[in-house]
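File shown here: start-v6.pdb, holding PDB, C-alpha atoms, pLDDT in the B column.
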```
ATOM      1  CA  MET A   1      -7.063  -2.154 -22.512  1.00 37.00           C
ATOM      2  CA  ARG A   2      -7.399   0.425 -25.282  1.00 37.00           C
ATOM      3  CA  GLU A   3      -8.722   3.862 -24.478  1.00 39.00           C
ATOM      4  CA  THR A   4     -10.822   5.226 -27.336  1.00 37.00           C
ATOM      5  CA  GLU A   5     -13.192   8.021 -28.100  1.00 34.00           C
ATOM      6  CA  THR A   6     -15.589   8.494 -30.989  1.00 37.00           C
ATOM      7  CA  VAL A   7     -14.634  11.360 -33.285  1.00 40.00           C
ATOM      8  CA  PRO A   8     -16.396  12.729 -36.341  1.00 43.00           C
ATOM      9  CA  SER A   9     -15.381  11.193 -39.646  1.00 43.00           C
ATOM     10  CA  PRO A  10     -13.911  13.356 -42.432  1.00 47.00           C
ATOM     11  CA  ASP A  11     -17.235  12.917 -44.309  1.00 48.00           C
ATOM     12  CA  ASP A  12     -19.136  14.382 -41.325  1.00 47.00           C
ATOM     13  CA  ALA A  13     -16.723  17.306 -41.250  1.00 47.00           C
ATOM     14  CA  ALA A  14     -17.128  17.983 -44.984  1.00 50.00           C
ATOM     15  CA  ALA A  15     -20.919  17.893 -44.682  1.00 54.00           C
ATOM     16  CA  THR A  16     -20.955  20.441 -41.866  1.00 51.00           C
ATOM     17  CA  GLY A  17     -18.132  22.599 -43.181  1.00 57.00           C
ATOM     18  CA  ARG A  18     -16.118  22.026 -39.984  1.00 57.00           C
ATOM     19  CA  THR A  19     -12.864  20.188 -39.580  1.00 55.00           C
ATOM     20  CA  ALA A  20     -12.776  17.051 -37.494  1.00 53.00           C
ATOM     21  CA  ALA A  21     -11.224  17.293 -34.053  1.00 53.00           C
ATOM     22  CA  PRO A  22      -8.004  15.338 -33.726  1.00 56.00           C
ATOM     23  CA  ARG A  23      -8.478  11.908 -32.214  1.00 56.00           C
ATOM     24  CA  PRO A  24      -7.073  11.656 -28.683  1.00 62.00           C
ATOM     25  CA  LEU A  25      -4.153   9.274 -28.462  1.00 63.00           C
ATOM     26  CA  ALA A  26      -4.879   5.778 -27.201  1.00 60.00           C
ATOM     27  CA  LEU A  27      -2.504   4.006 -24.845  1.00 56.00           C
ATOM     28  CA  SER A  28      -1.252   1.933 -27.785  1.00 62.00           C
ATOM     29  CA  ASP A  29      -0.272   5.161 -29.606  1.00 63.00           C
ATOM     30  CA  TYR A  30       2.487   5.834 -27.056  1.00 58.00           C
ATOM     31  CA  PRO A  31       5.623   3.915 -28.145  1.00 54.00           C
ATOM     32  CA  GLU A  32       7.156   1.538 -25.610  1.00 62.00           C
ATOM     33  CA  SER A  33      10.686   2.107 -26.903  1.00 58.00           C
ATOM     34  CA  ASP A  34      12.741   4.981 -28.230  1.00 59.00           C
ATOM     35  CA  GLY A  35      14.831   2.600 -30.329  1.00 61.00           C
ATOM     36  CA  LYS A  36      17.989   3.336 -28.329  1.00 64.00           C
ATOM     37  CA  PRO A  37      19.928   0.556 -26.632  1.00 55.00           C
ATOM     38  CA  MET A  38      19.017   0.005 -22.983  1.00 57.00           C
ATOM     39  CA  ALA A  39      22.627   0.432 -21.845  1.00 63.00           C
ATOM     40  CA  GLU A  40      25.873   1.547 -23.405  1.00 74.00           C
ATOM     41  CA  THR A  41      27.902  -1.455 -22.268  1.00 87.00           C
ATOM     42  CA  PRO A  42      27.394  -4.665 -20.290  1.00 90.00           C
ATOM     43  CA  ILE A  43      28.864  -2.807 -17.291  1.00 94.00           C
ATOM     44  CA  HIS A  44      26.119  -0.170 -17.560  1.00 93.00           C
ATOM     45  CA  TRP A  45      23.445  -2.830 -18.089  1.00 93.00           C
ATOM     46  CA  HIS A  46      24.506  -4.724 -14.953  1.00 96.00           C
ATOM     47  CA  ALA A  47      24.526  -1.491 -12.935  1.00 97.00           C
ATOM     48  CA  THR A  48      20.990  -0.683 -14.122  1.00 96.00           C
ATOM     49  CA  VAL A  49      19.635  -4.157 -13.404  1.00 97.00           C
ATOM     50  CA  ASP A  50      21.351  -4.358 -10.004  1.00 98.00           C
ATOM     51  CA  ALA A  51      20.002  -0.953  -8.935  1.00 98.00           C
ATOM     52  CA  ALA A  52      16.466  -1.699 -10.131  1.00 98.00           C
ATOM     53  CA  GLN A  53      16.433  -5.121  -8.457  1.00 98.00           C
ATOM     54  CA  SER A  54      17.781  -3.704  -5.187  1.00 98.00           C
ATOM     55  CA  LEU A  55      15.044  -1.068  -5.132  1.00 99.00           C
ATOM     56  CA  HIS A  56      12.395  -3.677  -6.011  1.00 98.00           C
ATOM     57  CA  ASP A  57      13.615  -5.775  -3.083  1.00 98.00           C
ATOM     58  CA  PHE A  58      13.698  -2.792  -0.714  1.00 99.00           C
ATOM     59  CA  TYR A  59      10.113  -1.765  -1.560  1.00 98.00           C
ATOM     60  CA  ARG A  60       8.793  -5.328  -1.942  1.00 98.00           C
ATOM     61  CA  ASP A  61       6.163  -4.939   0.793  1.00 98.00           C
ATOM     62  CA  ARG A  62       4.993  -1.472  -0.251  1.00 98.00           C
ATOM     63  CA  ALA A  63       1.883  -1.596  -2.463  1.00 98.00           C
ATOM     64  CA  ASP A  64       2.107   2.182  -2.931  1.00 98.00           C
ATOM     65  CA  VAL A  65       5.595   2.296  -4.471  1.00 98.00           C
ATOM     66  CA  TYR A  66       6.361   1.654  -8.120  1.00 98.00           C
ATOM     67  CA  VAL A  67       9.936   0.876  -9.165  1.00 98.00           C
ATOM     68  CA  GLY A  68      10.656   1.038 -12.864  1.00 96.00           C
ATOM     69  CA  SER A  69      13.559   0.832 -15.250  1.00 95.00           C
ATOM     70  CA  ASP A  70      14.080   1.949 -18.838  1.00 92.00           C
ATOM     71  CA  MET A  71      10.402   2.709 -19.301  1.00 92.00           C
ATOM     72  CA  MET A  72       9.141   5.403 -21.634  1.00 92.00           C
ATOM     73  CA  MET A  73       7.710   8.156 -19.435  1.00 93.00           C
ATOM     74  CA  TYR A  74       5.407  10.613 -21.213  1.00 92.00           C
ATOM     75  CA  TYR A  75       4.887  13.970 -19.556  1.00 94.00           C
ATOM     76  CA  ARG A  76       2.608  15.829 -21.994  1.00 93.00           C
ATOM     77  CA  GLU A  77      -0.659  14.198 -22.987  1.00 91.00           C
ATOM     78  CA  GLY A  78      -1.020  13.796 -26.739  1.00 89.00           C
ATOM     79  CA  ASP A  79       2.665  14.509 -27.500  1.00 91.00           C
ATOM     80  CA  ILE A  80       4.659  11.322 -28.079  1.00 89.00           C
ATOM     81  CA  ARG A  81       7.871  13.378 -28.369  1.00 90.00           C
ATOM     82  CA  ALA A  82       7.509  14.648 -24.786  1.00 92.00           C
ATOM     83  CA  CYS A  83       9.115  11.676 -23.084  1.00 92.00           C
ATOM     84  CA  VAL A  84      12.133  10.514 -21.162  1.00 94.00           C
ATOM     85  CA  SER A  85      13.357   7.059 -20.203  1.00 93.00           C
ATOM     86  CA  PRO A  86      15.194   7.047 -16.863  1.00 96.00           C
ATOM     87  CA  ASP A  87      17.515   4.130 -16.219  1.00 96.00           C
ATOM     88  CA  VAL A  88      15.863   3.521 -12.827  1.00 98.00           C
ATOM     89  CA  PHE A  89      13.067   5.383 -11.049  1.00 98.00           C
ATOM     90  CA  VAL A  90      10.877   5.192  -7.967  1.00 99.00           C
ATOM     91  CA  ALA A  91       7.410   6.723  -7.640  1.00 98.00           C
ATOM     92  CA  ILE A  92       5.972   6.833  -4.116  1.00 98.00           C
ATOM     93  CA  GLY A  93       2.224   7.040  -3.639  1.00 97.00           C
ATOM     94  CA  VAL A  94       1.535   5.249  -6.915  1.00 96.00           C
ATOM     95  CA  PRO A  95       0.099   1.709  -6.958  1.00 97.00           C
ATOM     96  CA  LYS A  96       2.666  -0.991  -7.659  1.00 96.00           C
ATOM     97  CA  LEU A  97       0.110  -2.920  -9.698  1.00 94.00           C
ATOM     98  CA  PRO A  98      -0.817  -3.226 -12.443  1.00 92.00           C
ATOM     99  CA  GLU A  99       2.473  -3.333 -14.291  1.00 91.00           C
ATOM    100  CA  ARG A 100       2.729  -0.669 -16.963  1.00 92.00           C
ATOM    101  CA  ARG A 101       4.152  -0.767 -20.478  1.00 91.00           C
ATOM    102  CA  VAL A 102       4.575   3.020 -20.538  1.00 93.00           C
ATOM    103  CA  TRP A 103       4.249   5.737 -17.886  1.00 95.00           C
ATOM    104  CA  ARG A 104       1.867   8.645 -18.453  1.00 93.00           C
ATOM    105  CA  THR A 105       2.175  11.437 -15.888  1.00 94.00           C
ATOM    106  CA  TRP A 106      -1.421  12.608 -16.367  1.00 93.00           C
ATOM    107  CA  VAL A 107      -2.613   9.095 -15.405  1.00 93.00           C
ATOM    108  CA  GLU A 108      -0.104   8.426 -12.605  1.00 95.00           C
ATOM    109  CA  GLY A 109      -0.153  11.957 -11.182  1.00 94.00           C
ATOM    110  CA  LYS A 110       3.627  12.427 -11.291  1.00 94.00           C
ATOM    111  CA  LEU A 111       6.809  11.536 -13.113  1.00 92.00           C
ATOM    112  CA  ALA A 112       8.840  10.037 -10.237  1.00 97.00           C
ATOM    113  CA  ASP A 113      10.254  10.909  -6.825  1.00 98.00           C
ATOM    114  CA  PHE A 114      13.698   9.416  -7.398  1.00 98.00           C
ATOM    115  CA  VAL A 115      15.650   8.920 -10.626  1.00 98.00           C
ATOM    116  CA  LEU A 116      18.991   7.192 -11.140  1.00 98.00           C
ATOM    117  CA  GLU A 117      20.858   7.565 -14.410  1.00 97.00           C
ATOM    118  CA  ILE A 118      23.757   5.224 -15.157  1.00 96.00           C
ATOM    119  CA  THR A 119      26.045   7.742 -16.778  1.00 95.00           C
ATOM    120  CA  SER A 120      29.141   7.829 -18.960  1.00 92.00           C
ATOM    121  CA  LEU A 121      31.245  10.361 -20.806  1.00 91.00           C
ATOM    122  CA  SER A 122      29.040  10.001 -23.889  1.00 90.00           C
ATOM    123  CA  THR A 123      25.821  10.764 -21.952  1.00 90.00           C
ATOM    124  CA  ARG A 124      27.356  13.298 -19.543  1.00 92.00           C
ATOM    125  CA  ARG A 125      25.866  16.468 -21.027  1.00 93.00           C
ATOM    126  CA  GLU A 126      22.399  14.960 -21.428  1.00 93.00           C
ATOM    127  CA  ASP A 127      22.461  13.512 -17.889  1.00 94.00           C
ATOM    128  CA  GLU A 128      23.886  16.590 -16.156  1.00 93.00           C
ATOM    129  CA  VAL A 129      22.076  19.334 -18.041  1.00 94.00           C
ATOM    130  CA  THR A 130      19.088  18.243 -20.110  1.00 95.00           C
ATOM    131  CA  LYS A 131      17.708  15.479 -17.909  1.00 95.00           C
ATOM    132  CA  ARG A 132      18.472  17.221 -14.620  1.00 96.00           C
ATOM    133  CA  LYS A 133      16.533  20.298 -15.773  1.00 96.00           C
ATOM    134  CA  LEU A 134      13.606  18.222 -17.063  1.00 95.00           C
ATOM    135  CA  TYR A 135      13.428  16.133 -13.898  1.00 96.00           C
ATOM    136  CA  ALA A 136      13.437  19.280 -11.745  1.00 96.00           C
ATOM    137  CA  GLU A 137      10.635  20.795 -13.842  1.00 95.00           C
ATOM    138  CA  MET A 138       8.637  17.558 -13.542  1.00 93.00           C
ATOM    139  CA  GLY A 139       8.858  17.490  -9.739  1.00 94.00           C
ATOM    140  CA  VAL A 140      11.442  14.731  -9.273  1.00 97.00           C
ATOM    141  CA  ARG A 141      12.801  15.263  -5.760  1.00 97.00           C
ATOM    142  CA  GLU A 142      16.050  13.294  -5.934  1.00 98.00           C
ATOM    143  CA  TYR A 143      18.321  12.829  -8.919  1.00 98.00           C
ATOM    144  CA  TRP A 144      21.266  10.462  -8.743  1.00 98.00           C
ATOM    145  CA  GLN A 145      23.983   9.547 -11.212  1.00 98.00           C
ATOM    146  CA  PHE A 146      26.238   6.513 -11.127  1.00 98.00           C
ATOM    147  CA  ASP A 147      29.363   6.306 -13.275  1.00 97.00           C
ATOM    148  CA  PRO A 148      30.200   2.572 -13.100  1.00 96.00           C
ATOM    149  CA  GLU A 149      33.448   2.956 -15.015  1.00 94.00           C
ATOM    150  CA  GLY A 150      34.637   6.027 -13.117  1.00 94.00           C
ATOM    151  CA  ASP A 151      34.959   8.007 -16.351  1.00 92.00           C
ATOM    152  CA  TYR A 152      34.247  11.412 -14.849  1.00 92.00           C
ATOM    153  CA  LEU A 153      32.206  11.389 -11.637  1.00 94.00           C
ATOM    154  CA  GLU A 154      34.189  11.582  -8.397  1.00 94.00           C
ATOM    155  CA  PRO A 155      32.818   9.957  -6.349  1.00 97.00           C
ATOM    156  CA  MET A 156      31.255   7.507  -8.804  1.00 96.00           C
ATOM    157  CA  LEU A 157      27.802   7.836  -7.190  1.00 97.00           C
ATOM    158  CA  GLN A 158      26.372  11.316  -6.682  1.00 97.00           C
ATOM    159  CA  GLY A 159      22.933  12.480  -5.700  1.00 97.00           C
ATOM    160  CA  ARG A 160      21.217  15.815  -5.339  1.00 96.00           C
ATOM    161  CA  ARG A 161      17.875  17.202  -4.331  1.00 97.00           C
ATOM    162  CA  LEU A 162      16.087  18.968  -7.146  1.00 96.00           C
ATOM    163  CA  GLU A 163      14.009  22.060  -6.524  1.00 81.00           C
TER     164      GLU A 163
END
```
Take the structure in this file and express it as structure tokens.
Amino acid sequence: MRETETVPSPDDAAATGRTAAPRPLALSDYPESDGKPMAETPIHWHATVDAAQSLHDFYRDRADVYVGSDMMMYYREGDIRACVSPDVFVAIGVPKLPERRVWRTWVEGKLADFVLEITSLSTRREDEVTKRKLYAEMGVREYWQFDPEGDYLEPMLQGRRLE
């Protein structure tokens, strides 16, 4: 379903001496991928899939819980650069259906309640600083990291409440 809105044409703007208002972005304007690989290695991919599937199974009977993985999550309407793609996330109080191609916080009402990042040495700074700060600002309550290769986290799975 494409969301659209009628906007003045450039000819209308020239005739009135006013500039045309920018067209609001349609759902199809929000990219579904950031072009980055889903996981760094097969080990990271398996960890992501296993975690997402386990959470799907756990919340199977809850119509008000959405479990997602590697989905583009947009947090500022109209700005396609304002996005993040958690490895795994859970949003409580959000309808499970319909499935989404992208997540828009202004439509869903939140970013997520729980985020899990499958981390590594190469993503350490982004996961521990940049993403943690963003998730806290966006109201994510729990942030977890899993280091499947044991590169730097001890223990390999760590979680924290964000405030």
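When all atoms listed in the file are used to measure the gap to Ser122 in chain A, the shortest distance among A:Gly159, A:Asp151, A:Arg101, A:Phe89 belongs to A:Asp151.
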- Query: For this file, the PyMOL selection byres ((chain A and resi 121) around 9) selects which residues, as a VMD selection string?
  - Reply: chain A and resid 119 to 120 122 to 125 147 151 to 152
- Message: Residue by residue, what does the PyMOL selection byres ((chain A and resi 102) around 6) grab here? Present the result as a PyMOL selection string.
- Response: chain A and resi 32+71-72+100-101+103
Using the file's own x, y and z axes, so that the box edges lie along x, y and z, what centre and edge lengths in Å (one decimal) does a box around every listed atom of range 43-48 of chain A get when 6 Å is added on each side? Give it as JSON.
```
{"center_x": 24.9, "center_y": -2.4, "center_z": -15.5, "size_x": 19.9, "size_y": 16.6, "size_z": 17.2}
```
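Of the residues listed (A:Gly109, A:Gly78, A:Gly150, A:Pro42), A:Gly109 shows the shortest atom-to-atom separation from Pro95 in chain A; distances use all atoms listed in the file.
Around range 110-116 of chain A, within 7 Å and counting only C-alpha atoms, the residues found are Pro86, Asp87, Val88, Phe89, Val90, Ala91, Ile92, Met138, Val140, Arg141, Glu142, Tyr143, Trp144 and Gln145 of chain A, once anything fewer than 6 positions away on its own chain is removed.
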- Gap from CA of Leu153 in chain A to CA of Thr48 in chain A - Å, one decimal: 16.7 Å
- Within 12 Å of Leu134 in chain A, counting only C-alpha atoms, which residues qualify if same-chain residues fewer than 2 places away don't, as an NGL selection string? :A and (73-75 or 82-86 or 111-112 or 115 or 126-132 or 136-141 or 143 or 162-163)
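Counting all atoms listed in the file and comparing A:Arg160, A:Ile43, A:Asp64, A:Ala51, the residue that lies closest to Pro98 in chain A is A:Asp64.
Counting only C-alpha atoms and comparing A:Val65, A:Pro148, A:Arg104, A:Gly93, the residue that lies closest to Asp50 in chain A is A:Pro148.
One distance worth recording is that between CA of Phe146 in chain A and CA of Ile118 in chain A, which is 4.9 Å.
Across the model, the gap from CA of Tyr59 in chain A to CA of Glu40 in chain A is 27.1 Å.
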